[in-house]
$ cat input_35.csv   # CSV, C-alpha atoms and all ligand atoms
chain,number,residue,atom,x,y,z
A,1,MET,CA,35.9,77.2,49.0
A,2,LYS,CA,37.6,80.0,47.1
A,3,ILE,CA,39.0,82.6,49.4
A,4,ILE,CA,41.2,85.7,48.8
A,5,ALA,CA,43.4,87.2,51.6
A,6,TYR,CA,44.5,90.8,51.4
A,7,GLY,CA,47.2,92.6,53.3
A,8,ALA,CA,49.2,89.4,53.9
A,9,ARG,CA,52.4,90.0,55.8
A,10,VAL,CA,55.5,87.9,55.2
A,11,ASP,CA,55.1,86.2,58.6
A,12,GLU,CA,51.5,85.4,58.0
A,13,ILE,CA,52.0,83.6,54.7
A,14,PRO,CA,53.3,80.3,56.0
A,15,TYR,CA,50.3,80.0,58.4
A,16,MET,CA,48.0,80.8,55.5
A,17,LYS,CA,49.5,78.2,53.2
A,18,GLN,CA,49.4,75.6,56.0
A,19,TRP,CA,45.7,76.4,56.8
A,20,ALA,CA,44.8,76.1,53.1
A,21,GLN,CA,46.6,72.8,52.8
A,22,GLU,CA,45.1,71.3,56.0
A,23,THR,CA,41.5,72.5,55.2
A,24,GLY,CA,41.5,71.9,51.5
A,25,ASN,CA,40.3,75.4,50.7
A,26,GLU,CA,41.7,77.4,47.7
A,27,LEU,CA,43.4,80.5,49.1
A,28,THR,CA,44.9,83.3,47.0
A,29,ILE,CA,47.3,85.5,49.0
A,30,LYS,CA,47.8,89.2,48.2
A,31,GLU,CA,50.2,91.5,50.1
A,32,GLU,CA,48.2,94.5,48.8
A,33,LEU,CA,45.4,96.1,51.0
A,34,LEU,CA,41.7,95.8,50.2
A,35,GLU,CA,41.0,99.1,48.4
A,36,ALA,CA,38.8,100.4,45.6
A,37,ASP,CA,41.4,99.5,43.0
A,38,THR,CA,42.3,96.1,44.4
A,39,VAL,CA,38.9,94.7,45.3
A,40,GLU,CA,38.3,93.6,41.7
A,41,TRP,CA,40.9,90.8,42.2
A,42,ALA,CA,38.2,89.2,44.5
A,43,LYS,CA,35.7,88.8,41.6
A,44,GLY,CA,34.8,85.0,41.4
A,45,TYR,CA,35.8,84.3,45.0
A,46,ASP,CA,33.4,83.2,47.8
A,47,GLY,CA,34.8,85.3,50.6
A,48,ILE,CA,37.5,87.9,51.6
A,49,ASN,CA,39.9,87.9,54.5
A,50,CYS,CA,41.9,91.0,55.4
A,51,LEU,CA,44.2,92.9,57.8
A,52,GLN,CA,44.6,96.6,57.5
A,53,THR,CA,44.1,99.8,59.5
A,54,THR,CA,43.3,101.9,56.5
A,55,PRO,CA,39.5,102.3,55.7
A,56,TYR,CA,37.2,99.6,54.4
A,57,SER,CA,35.4,102.1,52.3
A,58,ALA,CA,31.9,102.4,50.7
A,59,ALA,CA,33.6,101.9,47.3
A,60,VAL,CA,35.0,98.6,48.4
A,61,PHE,CA,31.6,97.4,49.7
A,62,ASP,CA,29.8,98.6,46.6
A,63,LYS,CA,32.0,96.5,44.5
A,64,MET,CA,31.7,93.5,46.8
A,65,GLY,CA,27.9,93.9,46.4
A,66,ASP,CA,28.3,94.0,42.5
A,67,TYR,CA,30.5,90.8,42.6
A,68,GLY,CA,28.0,89.0,44.9
A,69,ILE,CA,30.6,88.6,47.7
A,70,HIS,CA,28.8,88.6,51.1
A,71,TYR,CA,31.4,87.7,53.6
A,72,LEU,CA,34.5,89.5,54.9
A,73,THR,CA,36.6,88.4,57.9
A,74,LEU,CA,39.2,90.6,59.6
A,75,ARG,CA,42.4,89.1,61.1
A,76,ASN,CA,42.4,91.7,63.8
A,77,VAL,CA,40.2,93.2,66.6
A,78,GLY,CA,39.6,96.9,65.8
A,79,THR,CA,36.7,97.7,63.4
A,80,ASP,CA,36.8,101.5,63.7
A,81,ASN,CA,38.0,101.7,60.0
A,82,VAL,CA,34.9,99.9,58.6
A,83,ASP,CA,32.0,101.7,56.9
A,84,PHE,CA,29.3,99.5,58.4
A,85,ALA,CA,26.4,101.3,56.7
A,86,ALA,CA,28.0,100.6,53.3
A,87,ALA,CA,28.6,96.9,54.3
A,88,ALA,CA,24.9,96.5,55.3
A,89,LYS,CA,23.7,98.3,52.2
A,90,ASN,CA,25.6,95.7,50.1
A,91,GLY,CA,24.6,92.7,52.2
A,92,VAL,CA,28.1,92.1,53.5
A,93,THR,CA,28.4,90.3,56.8
A,94,LEU,CA,31.7,91.0,58.6
A,95,ALA,CA,33.4,89.1,61.4
A,96,ASN,CA,36.6,90.1,63.3
A,97,THR,CA,39.0,88.1,65.4
A,98,PRO,CA,38.5,89.6,68.9
A,99,ALA,CA,40.5,87.1,70.9
A,100,TYR,CA,43.6,86.2,69.0
A,101,SER,CA,45.7,87.1,72.0
A,102,PRO,CA,44.5,89.9,74.4
A,103,GLU,CA,47.5,89.0,76.5
A,104,ALA,CA,49.9,90.1,73.7
A,105,ILE,CA,48.6,93.7,73.9
A,106,ALA,CA,48.2,93.7,77.7
A,107,GLU,CA,51.8,92.5,78.1
A,108,PHE,CA,53.0,95.2,75.8
A,109,ALA,CA,51.2,97.8,77.9
A,110,VAL,CA,52.8,96.4,81.1
A,111,THR,CA,56.2,96.3,79.3
A,112,MET,CA,55.9,100.0,78.5
A,113,THR,CA,54.7,100.9,82.0
A,114,LEU,CA,57.7,99.1,83.7
A,115,ASN,CA,60.1,100.8,81.2
A,116,LEU,CA,58.7,104.3,82.0
A,117,LEU,CA,58.4,103.8,85.7
A,118,ARG,CA,62.1,102.6,85.9
A,119,ARG,CA,63.0,105.4,83.4
A,120,VAL,CA,65.0,103.0,81.2
A,121,GLY,CA,64.9,105.4,78.2
A,122,GLU,CA,66.0,108.3,80.2
A,123,VAL,CA,68.9,106.4,81.8
A,124,GLU,CA,70.1,105.1,78.5
A,125,HIS,CA,69.7,108.5,76.9
A,126,ALA,CA,71.9,110.2,79.6
A,127,LEU,CA,74.5,107.5,79.3
A,128,ARG,CA,74.6,107.7,75.5
A,129,HIS,CA,75.1,111.5,75.7
A,130,GLY,CA,78.0,111.2,78.2
A,131,ASP,CA,76.0,112.3,81.2
A,132,TYR,CA,77.3,109.5,83.4
A,133,ALA,CA,76.4,111.2,86.7
A,134,GLY,CA,72.9,112.0,85.5
A,135,SER,CA,72.4,108.4,84.4
A,136,THR,CA,72.7,107.2,88.0
A,137,GLN,CA,70.3,109.7,89.4
A,138,LEU,CA,67.1,108.9,87.7
A,139,ILE,CA,65.2,107.3,90.5
A,140,GLY,CA,62.4,104.9,89.6
A,141,ARG,CA,59.1,103.8,91.0
A,142,GLU,CA,57.9,100.2,91.8
A,143,LEU,CA,54.7,99.0,90.4
A,144,ARG,CA,53.5,97.7,93.8
A,145,SER,CA,53.5,101.3,95.0
A,146,GLN,CA,51.4,102.6,92.1
A,147,THR,CA,47.8,103.0,91.3
A,148,VAL,CA,47.0,101.8,87.7
A,149,GLY,CA,43.9,103.2,86.1
A,150,ILE,CA,42.6,101.0,83.2
A,151,ILE,CA,40.1,102.6,80.9
A,152,GLY,CA,38.2,99.9,79.2
A,153,ALA,CA,37.7,96.5,81.0
A,154,GLY,CA,37.1,94.4,77.9
A,155,ARG,CA,39.3,91.5,76.8
A,156,ILE,CA,42.6,93.4,76.7
A,157,GLY,CA,41.8,95.6,79.7
A,158,ARG,CA,40.9,92.5,81.8
A,159,ALA,CA,44.2,90.8,80.8
A,160,ALA,CA,46.0,94.0,81.8
A,161,ILE,CA,44.2,94.2,85.2
A,162,GLN,CA,45.3,90.7,86.0
A,163,MET,CA,48.9,91.4,85.0
A,164,PHE,CA,49.2,94.7,86.8
A,165,SER,CA,47.7,93.2,90.0
A,166,GLY,CA,50.2,90.3,89.7
A,167,PHE,CA,52.9,93.0,90.2
A,168,GLY,CA,51.1,94.2,93.3
A,169,ALA,CA,49.8,97.5,91.8
A,170,LYS,CA,46.5,98.8,93.1
A,171,VAL,CA,44.2,98.7,90.0
A,172,ILE,CA,41.1,100.6,89.3
A,173,THR,CA,39.1,100.6,86.1
A,174,TYR,CA,36.4,102.6,84.3
A,175,ASP,CA,34.0,101.0,81.8
A,176,PRO,CA,30.4,102.0,81.2
A,177,HIS,CA,29.6,98.3,80.7
A,178,PRO,CA,31.1,96.5,83.7
A,179,SER,CA,32.3,93.0,83.3
A,180,LYS,CA,30.3,90.2,85.0
A,181,ASP,CA,33.6,88.6,86.0
A,182,ASP,CA,33.7,89.1,89.8
A,183,THR,CA,37.1,87.6,90.1
A,184,LEU,CA,38.6,90.8,88.6
A,185,ALA,CA,41.3,92.1,90.9
A,186,CYS,CA,40.2,95.7,90.8
A,187,ARG,CA,37.5,98.2,91.7
A,188,TYR,CA,35.3,100.2,89.2
A,189,ALA,CA,35.6,103.9,89.4
A,190,ASP,CA,34.2,106.8,87.4
A,191,MET,CA,36.4,108.5,84.8
A,192,ASP,CA,37.1,111.6,87.0
A,193,GLU,CA,38.2,109.5,90.0
A,194,LEU,CA,40.3,107.3,87.8
A,195,LEU,CA,42.2,110.2,86.2
A,196,ALA,CA,42.8,111.9,89.6
A,197,ALA,CA,43.9,108.8,91.4
A,198,SER,CA,46.1,107.0,88.9
A,199,ASP,CA,49.9,107.0,88.6
A,200,VAL,CA,49.5,105.1,85.3
A,201,VAL,CA,46.5,105.6,83.0
A,202,ASP,CA,46.3,102.7,80.5
A,203,LEU,CA,43.8,102.8,77.6
A,204,HIS,CA,42.1,99.7,76.2
A,205,ILE,CA,39.0,101.1,74.4
A,206,PRO,CA,38.0,101.1,70.8
A,207,GLY,CA,38.8,104.1,68.6
A,208,VAL,CA,35.2,104.8,67.7
A,209,PRO,CA,34.2,108.5,67.1
A,210,ALA,CA,32.6,108.8,70.5
A,211,ASN,CA,36.0,108.1,72.1
A,212,ASP,CA,37.9,110.6,69.9
A,213,HIS,CA,40.3,112.6,72.1
A,214,ILE,CA,39.0,111.1,75.3
A,215,ILE,CA,42.4,112.1,76.6
A,216,ASP,CA,42.4,115.8,75.8
A,217,ALA,CA,44.0,118.8,77.6
A,218,ARG,CA,41.2,118.7,80.2
A,219,ALA,CA,41.7,115.0,81.0
A,220,LEU,CA,45.4,115.4,81.1
A,221,ALA,CA,45.1,118.3,83.6
A,222,GLN,CA,42.9,116.1,85.7
A,223,MET,CA,45.7,113.5,85.9
A,224,LYS,CA,48.1,113.4,88.8
A,225,PRO,CA,51.3,115.3,88.3
A,226,GLY,CA,54.0,112.8,87.4
A,227,ALA,CA,51.5,110.2,86.0
A,228,VAL,CA,52.4,108.2,82.9
A,229,LEU,CA,50.0,107.5,80.0
A,230,ILE,CA,49.9,104.3,78.0
A,231,ASN,CA,48.0,104.0,74.7
A,232,THR,CA,48.1,100.6,72.8
A,233,ALA,CA,44.5,101.0,71.7
A,234,ARG,CA,43.9,103.6,68.9
A,235,GLY,CA,45.7,106.9,68.1
A,236,ASN,CA,42.6,109.0,68.0
A,237,LEU,CA,42.0,108.5,71.7
A,238,VAL,CA,44.7,110.9,72.6
A,239,ASP,CA,45.1,114.6,71.6
A,240,THR,CA,48.7,114.4,70.7
A,241,ALA,CA,49.3,118.2,70.8
A,242,ALA,CA,47.9,118.3,74.3
A,243,MET,CA,50.0,115.3,75.4
A,244,ILE,CA,53.2,116.9,74.0
A,245,ALA,CA,52.4,120.1,76.0
A,246,ALA,CA,51.8,118.0,79.2
A,247,LEU,CA,55.1,116.1,78.6
A,248,GLU,CA,57.0,119.4,78.0
A,249,SER,CA,55.6,121.0,81.1
A,250,GLY,CA,56.6,117.9,83.2
A,251,HIS,CA,53.0,117.3,84.3
A,252,LEU,CA,53.1,114.0,82.5
A,253,ALA,CA,56.3,112.0,83.5
A,254,GLY,CA,56.2,109.8,80.4
A,255,ALA,CA,54.1,108.2,77.7
A,256,GLY,CA,54.0,104.9,75.9
A,257,ILE,CA,52.4,105.3,72.5
A,258,ASP,CA,52.0,102.2,70.3
A,259,THR,CA,49.0,103.6,68.5
A,260,TYR,CA,49.8,107.1,67.2
A,261,GLU,CA,47.1,109.7,66.3
A,262,HIS,CA,48.4,110.4,62.8
A,263,GLU,CA,49.3,106.8,62.0
A,264,THR,CA,49.0,106.1,58.2
A,265,ALA,CA,49.5,103.0,56.1
A,266,ALA,CA,53.2,104.1,55.7
A,267,LEU,CA,53.8,103.6,59.5
A,268,LEU,CA,52.5,100.1,59.5
A,269,ASP,CA,54.3,99.3,56.3
A,270,MET,CA,57.8,100.5,57.1
A,271,ALA,CA,59.1,97.2,55.8
A,272,HIS,CA,58.4,98.7,52.4
A,273,THR,CA,58.3,102.4,52.9
A,274,GLY,CA,61.5,102.6,55.0
A,275,ARG,CA,60.6,105.5,57.2
A,276,PHE,CA,57.6,107.3,58.7
A,277,SER,CA,57.9,110.9,59.7
A,278,ASP,CA,55.7,113.8,60.7
A,279,PRO,CA,56.4,116.8,62.9
A,280,GLN,CA,54.7,115.4,66.1
A,281,TRP,CA,56.1,111.9,65.6
A,282,ASP,CA,59.6,113.3,65.1
A,283,GLN,CA,59.2,115.5,68.3
A,284,LEU,CA,58.0,112.5,70.4
A,285,GLN,CA,60.9,110.4,69.1
A,286,LYS,CA,63.4,112.9,70.6
A,287,MET,CA,61.9,112.6,74.1
A,288,PRO,CA,63.7,110.0,76.3
A,289,ASN,CA,60.6,109.7,78.5
A,290,VAL,CA,58.5,108.6,75.6
A,291,LEU,CA,58.3,105.2,74.1
A,292,LEU,CA,57.0,105.3,70.6
A,293,THR,CA,56.3,102.1,68.7
A,294,PRO,CA,54.8,101.5,65.3
A,295,HIS,CA,51.5,99.7,66.2
A,296,VAL,CA,53.2,96.4,67.2
A,297,ALA,CA,51.6,95.7,70.6
A,298,TYR,CA,49.8,92.7,69.0
A,299,TYR,CA,52.9,91.3,67.3
A,300,THR,CA,53.8,88.0,68.8
A,301,GLU,CA,54.2,84.5,67.3
A,302,THR,CA,51.1,83.3,69.1
A,303,ALA,CA,49.0,86.3,68.0
A,304,VAL,CA,50.0,86.1,64.3
A,305,HIS,CA,49.3,82.4,64.1
A,306,ASN,CA,45.9,82.8,65.8
A,307,MET,CA,44.9,85.9,63.7
A,308,VAL,CA,45.4,83.9,60.5
A,309,THR,CA,43.9,80.6,61.5
A,310,PHE,CA,40.9,81.9,63.6
A,311,SER,CA,39.8,84.5,60.9
A,312,LEU,CA,40.0,82.0,58.0
A,313,THR,CA,38.0,79.5,60.1
A,314,TYR,CA,35.4,82.2,60.8
A,315,LEU,CA,35.2,82.8,57.1
A,316,THR,CA,34.6,79.2,56.2
A,317,GLU,CA,31.9,79.0,58.9
A,318,LEU,CA,30.2,82.0,57.4
A,319,LEU,CA,30.4,80.5,54.0
A,320,THR,CA,29.0,77.2,55.0
A,321,THR,CA,26.4,78.1,57.7
A,322,GLY,CA,25.9,81.9,57.2
A,323,THR,CA,27.0,82.6,60.8
A,324,THR,CA,30.0,82.5,63.1
A,325,GLU,CA,30.7,83.6,66.7
A,326,THR,CA,32.4,86.8,65.9
A,327,ILE,CA,30.1,88.7,63.6
A,328,VAL,CA,30.3,92.4,64.3
A,329,HIS,CA,27.0,94.2,64.9
A,330,PRO,CA,27.9,97.9,65.1
A,331,LYS,CA,26.1,99.7,68.0
A,401,LIG,P1,36.7,94.8,73.9
A,401,LIG,O1,35.6,95.1,73.0
A,401,LIG,O2,36.8,93.4,74.4
A,401,LIG,O3,36.7,95.8,75.1
A,401,LIG,C1,36.6,97.2,74.9
A,401,LIG,C2,36.0,97.7,76.2
A,401,LIG,O4,36.0,99.2,76.2
A,401,LIG,C3,34.5,97.3,76.4
A,401,LIG,O5,34.3,96.7,77.6
A,401,LIG,C4,33.7,98.7,76.3
A,401,LIG,O6,32.6,98.7,77.2
A,401,LIG,C5,34.8,99.6,76.8
A,401,LIG,N1,34.6,101.0,76.4
A,401,LIG,C6,34.2,101.5,75.2
A,401,LIG,N2,34.3,102.9,75.3
A,401,LIG,C7,34.7,103.2,76.5
A,401,LIG,C8,34.9,104.5,77.2
A,401,LIG,N3,34.7,105.6,76.6
A,401,LIG,N4,35.3,104.4,78.5
A,401,LIG,C9,35.5,103.3,79.1
A,401,LIG,N5,35.3,102.1,78.5
A,401,LIG,C10,34.9,102.0,77.3
A,401,LIG,O7,38.0,95.2,73.0
A,401,LIG,P2,39.5,94.7,73.3
A,401,LIG,O8,39.7,93.4,72.7
A,401,LIG,O9,39.8,94.8,74.8
A,401,LIG,O10,40.3,95.7,72.5
A,401,LIG,C11,40.4,97.1,72.8
A,401,LIG,C12,41.0,97.9,71.7
A,401,LIG,O11,42.4,97.6,71.6
A,401,LIG,C13,40.5,97.5,70.2
A,401,LIG,O12,39.3,98.2,69.9
A,401,LIG,C14,41.6,98.0,69.4
A,401,LIG,O13,41.4,99.3,69.0
A,401,LIG,C15,42.8,97.9,70.3
A,401,LIG,N6,43.9,96.9,69.9
A,401,LIG,C16,45.1,97.4,69.6
A,401,LIG,C17,46.1,96.5,69.2
A,401,LIG,C18,47.5,96.9,69.0
A,401,LIG,O14,48.3,96.1,68.4
A,401,LIG,N7,48.0,98.0,69.4
A,401,LIG,C19,45.8,95.1,69.1
A,401,LIG,C20,44.5,94.7,69.3
A,401,LIG,C21,43.5,95.6,69.7
A,402,LIG,C1,43.9,95.1,66.1
A,402,LIG,O1,43.9,93.8,66.2
A,402,LIG,O2,42.9,95.8,66.2
A,402,LIG,C2,45.2,95.8,66.0
A,402,LIG,O3,45.3,96.9,66.3
A,402,LIG,C3,46.3,95.0,65.3
A,402,LIG,C4,46.8,95.6,64.0
A,402,LIG,C5,47.6,94.7,63.3
A,402,LIG,C6,45.6,96.1,63.1
$ encode --input "input_35.csv" --output "structure tokens"
Amino acid sequence: MKIIAYGARVDEIPYMKQWAQETGNELTIKEELLEADTVEWAKGYDGINCLQTTPYSAAVFDKMGDYGIHYLTLRNVGTDNVDFAAAAKNGVTLANTPAYSPEAIAEFAVTMTLNLLRRVGEVEHALRHGDYAGSTQLIGRELRSQTVGIIGAGRIGRAAIQMFSGFGAKVITYDPHPSKDDTLACRYADMDELLAASDVVDLHIPGVPANDHIIDARALAQMKPGAVLINTARGNLVDTAAMIAALESGHLAGAGIDTYEHETAALLDMAHTGRFSDPQWDQLQKMPNVLLTPHVAYYTETAVHNMVTFSLTYLTELLTTGTTETIVHPK
């Protein structure tokens, strides 16, 4: 089969080449994203494979329809950037890669939490600025004494629940679609209770419009004074201006933000662009009680290998049988 992969990162390319060699498929690899002015490279191919957080627009799907390309697989989880109506209109079936490694993202959320509770950034900042006395007086908190509130008990949320309970934390979760897994080491709570009771609020929900600013000024005010907020899910979930105000007032003790509200392709592509900057990003970067990372929670060797091989396999299944286990049906 003839496949074209867009948005290929340097570390994905060896896995792509190996997969093509082992499966005997013809694979063309492009570093560029799938956009209105690059989709024409796909003319004559059977299917498209992609990774990007920028929009999969109507213009892209219209051209796929014109070229008779009906299958697109994503190497990632989130589909909040897909124009599903345009995909359906053009007869394009889309599958994502929902379980390349939920543990990778959950571990990152735990890593951020431990860092913030032990105030590592603040200690280091004090030391670097010659405040030697101050650097020894930033007392931390142990996870086993904390209540962790996980919003979203899907694949990543459930992995996070297991990890946090392994540290002895009391874990509660809110999800309107509770998991049938009764071995989960946590109790379901409603959103108001979760916000009021948690020392750590950890988000693992999709960035669909209904979840836009789910953490706004009101939700932040409901949170415990001294709580920390972790967002490795999507930037639009948090009202950044309100979060900055809560950090400045001291109501929030810290924040771990891997997915930033005003993230653009430039942030994810710093290997080429060199630097990302905007006023709120720059402000957050100066705060020693904030961990700001450029959407890298997923980024492990295991995850990258699985993203490539799983998504390409889903594409060949779609091309040969018309179906695969991870077709996305938007709700
Ligand atoms: P999932 O579909 O398995 O689980 C999401 C859960 O969220 C579902 O159980 C759903 O019922 C619940 N949910 C939806 N809206 C909710 C709300 N308002 N309140 C409470 N619960 C709600 O998805 P997942 O694999 O766990 O991934 C979650 C998100 O993580 C993805 O959508 C993606 O945006 C993000 N993600 C980020 C990275 C990264 O590198 N930072 C990597 C992968 C995924
Ligand atoms: C996802 O898998 O949804 C991510 O956020 C990872 C990113 C490389 C797009």
$ residues_around --input "input_35.csv" --residues "Ile244 (chain A)" --least-positions-apart "2" --cutoff "12 Å" --atoms "all atoms listed in the file" --output "VMD selection string"
chain A and resid 216 to 217 220 229 238 to 242 246 to 255 257 279 to 287 289 to 290
$ residues_around --input "input_35.csv" --residues "Thr73 (chain A)" --least-positions-apart "5" --cutoff "9 Å" --atoms "only C-alpha atoms" --output "list in words"
Gly47, Ile48, Asn49, Cys50, Leu51, Thr93, Leu94, Ala95, Asn96, Thr97, Ser311, Leu312, Tyr314, Leu315 and Ile327 of chain A
$ closest_atom_pairs --input "input_35.csv" --of "chain A" --to "ligand LIG 401 (chain A)" --cutoff "9 Å" --atoms "all atoms listed in the file" --output "JSON lines"
{"residue": "A:Asn76", "atom": "CA", "partner": "A:LIG401", "partner_atom": "C20", "distance": 6.6}
{"residue": "A:Val77", "atom": "CA", "partner": "A:LIG401", "partner_atom": "C21", "distance": 5.1}
{"residue": "A:Gly78", "atom": "CA", "partner": "A:LIG401", "partner_atom": "C14", "distance": 4.3}
{"residue": "A:Thr79", "atom": "CA", "partner": "A:LIG401", "partner_atom": "O12", "distance": 7.0}
{"residue": "A:Asp80", "atom": "CA", "partner": "A:LIG401", "partner_atom": "O13", "distance": 7.4}
{"residue": "A:Pro98", "atom": "CA", "partner": "A:LIG401", "partner_atom": "O8", "distance": 5.5}
{"residue": "A:Ala99", "atom": "CA", "partner": "A:LIG401", "partner_atom": "O8", "distance": 6.6}
{"residue": "A:Tyr100", "atom": "CA", "partner": "A:LIG401", "partner_atom": "C20", "distance": 8.6}
{"residue": "A:Ser101", "atom": "CA", "partner": "A:LIG401", "partner_atom": "C20", "distance": 8.2}
{"residue": "A:Pro102", "atom": "CA", "partner": "A:LIG401", "partner_atom": "O8", "distance": 6.2}
{"residue": "A:Ala104", "atom": "CA", "partner": "A:LIG401", "partner_atom": "C19", "distance": 7.9}
{"residue": "A:Ile105", "atom": "CA", "partner": "A:LIG401", "partner_atom": "C19", "distance": 5.7}
{"residue": "A:Ala106", "atom": "CA", "partner": "A:LIG401", "partner_atom": "O9", "distance": 9.0}
{"residue": "A:Phe108", "atom": "CA", "partner": "A:LIG401", "partner_atom": "N7", "distance": 8.6}
{"residue": "A:Ile150", "atom": "CA", "partner": "A:LIG401", "partner_atom": "C9", "distance": 8.5}
{"residue": "A:Ile151", "atom": "CA", "partner": "A:LIG401", "partner_atom": "C9", "distance": 5.0}
{"residue": "A:Gly152", "atom": "CA", "partner": "A:LIG401", "partner_atom": "N5", "distance": 3.7}
{"residue": "A:Ala153", "atom": "CA", "partner": "A:LIG401", "partner_atom": "O5", "distance": 4.8}
{"residue": "A:Gly154", "atom": "CA", "partner": "A:LIG401", "partner_atom": "O3", "distance": 3.2}
{"residue": "A:Arg155", "atom": "CA", "partner": "A:LIG401", "partner_atom": "O9", "distance": 3.9}
{"residue": "A:Ile156", "atom": "CA", "partner": "A:LIG401", "partner_atom": "O9", "distance": 3.7}
{"residue": "A:Gly157", "atom": "CA", "partner": "A:LIG401", "partner_atom": "O9", "distance": 5.4}
{"residue": "A:Arg158", "atom": "CA", "partner": "A:LIG401", "partner_atom": "O9", "distance": 7.4}
{"residue": "A:Ala159", "atom": "CA", "partner": "A:LIG401", "partner_atom": "O9", "distance": 8.4}
{"residue": "A:Thr173", "atom": "CA", "partner": "A:LIG401", "partner_atom": "C9", "distance": 8.3}
{"residue": "A:Tyr174", "atom": "CA", "partner": "A:LIG401", "partner_atom": "C9", "distance": 5.3}
{"residue": "A:Asp175", "atom": "CA", "partner": "A:LIG401", "partner_atom": "N5", "distance": 3.7}
{"residue": "A:Pro176", "atom": "CA", "partner": "A:LIG401", "partner_atom": "N5", "distance": 5.6}
{"residue": "A:His177", "atom": "CA", "partner": "A:LIG401", "partner_atom": "O6", "distance": 4.6}
{"residue": "A:Pro178", "atom": "CA", "partner": "A:LIG401", "partner_atom": "O5", "distance": 6.9}
{"residue": "A:Ser179", "atom": "CA", "partner": "A:LIG401", "partner_atom": "O5", "distance": 7.1}
{"residue": "A:Met191", "atom": "CA", "partner": "A:LIG401", "partner_atom": "N4", "distance": 7.6}
{"residue": "A:Leu203", "atom": "CA", "partner": "A:LIG401", "partner_atom": "O11", "distance": 8.1}
{"residue": "A:His204", "atom": "CA", "partner": "A:LIG401", "partner_atom": "C11", "distance": 4.6}
{"residue": "A:Ile205", "atom": "CA", "partner": "A:LIG401", "partner_atom": "O4", "distance": 4.0}
{"residue": "A:Pro206", "atom": "CA", "partner": "A:LIG401", "partner_atom": "O12", "distance": 3.3}
{"residue": "A:Gly207", "atom": "CA", "partner": "A:LIG401", "partner_atom": "O13", "distance": 5.5}
{"residue": "A:Val208", "atom": "CA", "partner": "A:LIG401", "partner_atom": "N2", "distance": 7.9}
{"residue": "A:Ala210", "atom": "CA", "partner": "A:LIG401", "partner_atom": "N3", "distance": 7.2}
{"residue": "A:Asn211", "atom": "CA", "partner": "A:LIG401", "partner_atom": "N3", "distance": 5.3}
{"residue": "A:Asp212", "atom": "CA", "partner": "A:LIG401", "partner_atom": "N3", "distance": 9.0}
{"residue": "A:Ile214", "atom": "CA", "partner": "A:LIG401", "partner_atom": "N3", "distance": 7.1}
{"residue": "A:Asn231", "atom": "CA", "partner": "A:LIG401", "partner_atom": "N7", "distance": 8.0}
{"residue": "A:Thr232", "atom": "CA", "partner": "A:LIG401", "partner_atom": "N7", "distance": 4.3}
{"residue": "A:Ala233", "atom": "CA", "partner": "A:LIG401", "partner_atom": "C15", "distance": 3.8}
{"residue": "A:Arg234", "atom": "CA", "partner": "A:LIG401", "partner_atom": "O13", "distance": 5.0}
{"residue": "A:Gly235", "atom": "CA", "partner": "A:LIG401", "partner_atom": "O13", "distance": 8.8}
{"residue": "A:Asp258", "atom": "CA", "partner": "A:LIG401", "partner_atom": "N7", "distance": 5.9}
{"residue": "A:Thr259", "atom": "CA", "partner": "A:LIG401", "partner_atom": "N7", "distance": 5.8}
{"residue": "A:Pro294", "atom": "CA", "partner": "A:LIG401", "partner_atom": "N7", "distance": 8.7}
{"residue": "A:His295", "atom": "CA", "partner": "A:LIG401", "partner_atom": "N7", "distance": 5.0}
{"residue": "A:Val296", "atom": "CA", "partner": "A:LIG401", "partner_atom": "O14", "distance": 5.1}
{"residue": "A:Ala297", "atom": "CA", "partner": "A:LIG401", "partner_atom": "O14", "distance": 4.0}
{"residue": "A:Tyr298", "atom": "CA", "partner": "A:LIG401", "partner_atom": "O14", "distance": 3.8}
{"residue": "A:Tyr299", "atom": "CA", "partner": "A:LIG401", "partner_atom": "O14", "distance": 6.7}
$ closest_residue --input "input_35.csv" --among "A:Val60, A:Ala8, A:Ile3, A:Val308" --to "Gly24 (chain A)" --atoms "all atoms listed in the file"
A:Ile3
$ atom_distance --input "input_35.csv" --atom1 "CA of Phe164 (chain A)" --atom2 "CA of Val201 (chain A)"
11.9 Å
$ atom_distance --input "input_35.csv" --atom1 "CA of Ser57 (chain A)" --atom2 "CA of Val82 (chain A)"
6.7 Å
$ closest_residue --input "input_35.csv" --among "A:Asp37, A:Glu26, A:Glu325, A:Glu103" --to "ligand LIG 402 (chain A)" --atoms "all atoms listed in the file"
A:Glu103
$ atom_distance --input "input_35.csv" --atom1 "CA of Thr321 (chain A)" --atom2 "CA of Glu32 (chain A)"
28.7 Å
$ closest_residue --input "input_35.csv" --among "A:Ala133, A:Leu138, A:Ala59, A:Leu72" --to "Val120 (chain A)" --atoms "all atoms listed in the file"
A:Leu138
$ closest_residue --input "input_35.csv" --among "A:Arg9, A:His213, A:Lys63, A:Lys2" --to "ligand LIG 402 (chain A)" --atoms "all atoms listed in the file"
A:Arg9
$ residues_around --input "input_35.csv" --residues "Phe167 (chain A)" --least-positions-apart "2" --cutoff "7 Å" --atoms "all atoms listed in the file" --output "JSON, numbers by chain"
{"A": [143, 144, 163, 164, 165, 169]}
$ closest_residue --input "input_35.csv" --among "A:Arg119, A:Arg141, A:Asp66, A:Ala303" --to "ligand LIG 402 (chain A)" --atoms "all atoms listed in the file"
A:Ala303
$ residues_near_point --input "input_35.csv" --point "(48.5, 76.5, 61.4)" --cutoff "9 Å" --atoms "all atoms listed in the file" --output "list in words"
Pro14, Tyr15, Met16, Lys17, Gln18, Trp19, Glu22, His305, Asn306, Val308 and Thr309 of chain A
$ closest_residue --input "input_35.csv" --among "A:Ala160, A:Ala20, A:Leu319, A:Gly226" --to "Tyr45 (chain A)" --atoms "all atoms listed in the file"
A:Leu319
